Structures are given as C-alpha cells and as structure tokens.
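Written below as structure tokens is the structure these notes are about.
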Amino acid sequence: MATVTAKRLEITVELLLARRVEQLLLDAGVKVFTVLEGKEARWLSGAAFEDAAGDAVQPAVIVAVAATEAAEAAVERLSAFFRRYPGMIYVSDVQVLRGERF
C-alpha cells in the first residue's frame, strides 16, 4: 500500500460563514473537503460564549485534505479571515491513498 503525506485541515466556523470558508479553500487550491453540519452540533467553547450565543449560532466543521502547498495557502487565507470572524483551524499530517487527488 503506497501512501502520500498530505495535510488535514479541520475548520470550525459559524454555519452562516461556511460557504465563504469553502470558497477560500477552493481559491487556495484545496480540491477535497467535507462540510459537517446539523441541528445537534453546538459550540462548547465556554459557558460565557454558549450563554450569549444560545441557539442563534450553529457551527459547521469543514474537513479538508490537501497537498502541503495548497494547505499552506489555505491557512494563510483563513488566518486573515479569522482575524475578523470567529473560528478555529487544526492542521495535521495524514497519510492518504491516491495522492494525486489532493
């Protein structure tokens, strides 16, 4: 089994901002991602935020796998985006099959 090292980006953002994040990923050259959302999703970032936000703010999680260059470009764009809007990014190395897809 031959694998290729790629980057996994896990992004948590308000659902209303998810489409903008998707476009930033595409503009950076990220080809593959999945958006997870649902009524059962909720922020667990501390009582103060949760009390203030209530049910008005629904989170979405976007999981992307990309070549290193595209991931770095995405992180740069997302870093600028998250200076203005709330959200989190986790980056990790992963081993993938069919590396040409990323």
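Within each chain, counting starts at residue 1; across the structure tokens, chains are named A, B, ... in the order shown, with ligands numbered 1 upward in that order.
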Taking 3 positions as the minimum chain separation for residues in the same chain, which residues sit within 10 Å of stretch 80-91 of chain A when counting only C-alpha atoms? Answer as a PyMOL selection string. chain A and resi 7-14+17+20-21+24+59-65+71-72+75-77+94
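Closest approach to A:Leu97 among A:Ala66, A:Met1, A:Gly38, A:Val57: A:Met1, based on only C-alpha atoms.
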As a ChimeraX atom specification, list the residues of stretch 46-101 of chain A assigned to strand (DSSP E) by DSSP on the backbone atoms of this structure. /A:59-66,87-96
Those same residues, written as a compact mmCIF listing (two decimals), in the first residue's frame with C-alpha atoms?
# COMPACT_ATOMS: atom_id res chain seq x y z
CA PRO A 59 -21.34 25.62 13.98
CA ALA A 60 -20.13 23.76 10.93
CA VAL A 61 -16.99 21.64 10.71
CA ILE A 62 -15.15 21.55 7.41
CA VAL A 63 -12.62 18.75 6.99
CA ALA A 64 -10.20 19.13 4.11
CA VAL A 65 -7.24 17.10 2.86
CA ALA A 66 -4.76 18.87 0.62
CA GLY A 87 -13.46 30.09 14.07
CA MET A 88 -10.69 27.56 14.62
CA ILE A 89 -8.26 25.69 12.37
CA TYR A 90 -6.43 22.47 13.21
CA VAL A 91 -3.68 21.26 10.88
CA SER A 92 -2.11 17.80 10.94
CA ASP A 93 -0.15 15.47 8.69
CA VAL A 94 -2.03 12.49 7.28
CA GLN A 95 -1.19 9.57 5.01
CA VAL A 96 -3.53 9.18 2.05
Hey, which of A:Leu78, A:Ala67, A:Ala73, A:Leu36 ends up closest to A:Arg98? Count only C-alpha atoms.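 Closest to A:Arg98 of all the choices is A:Ala67.
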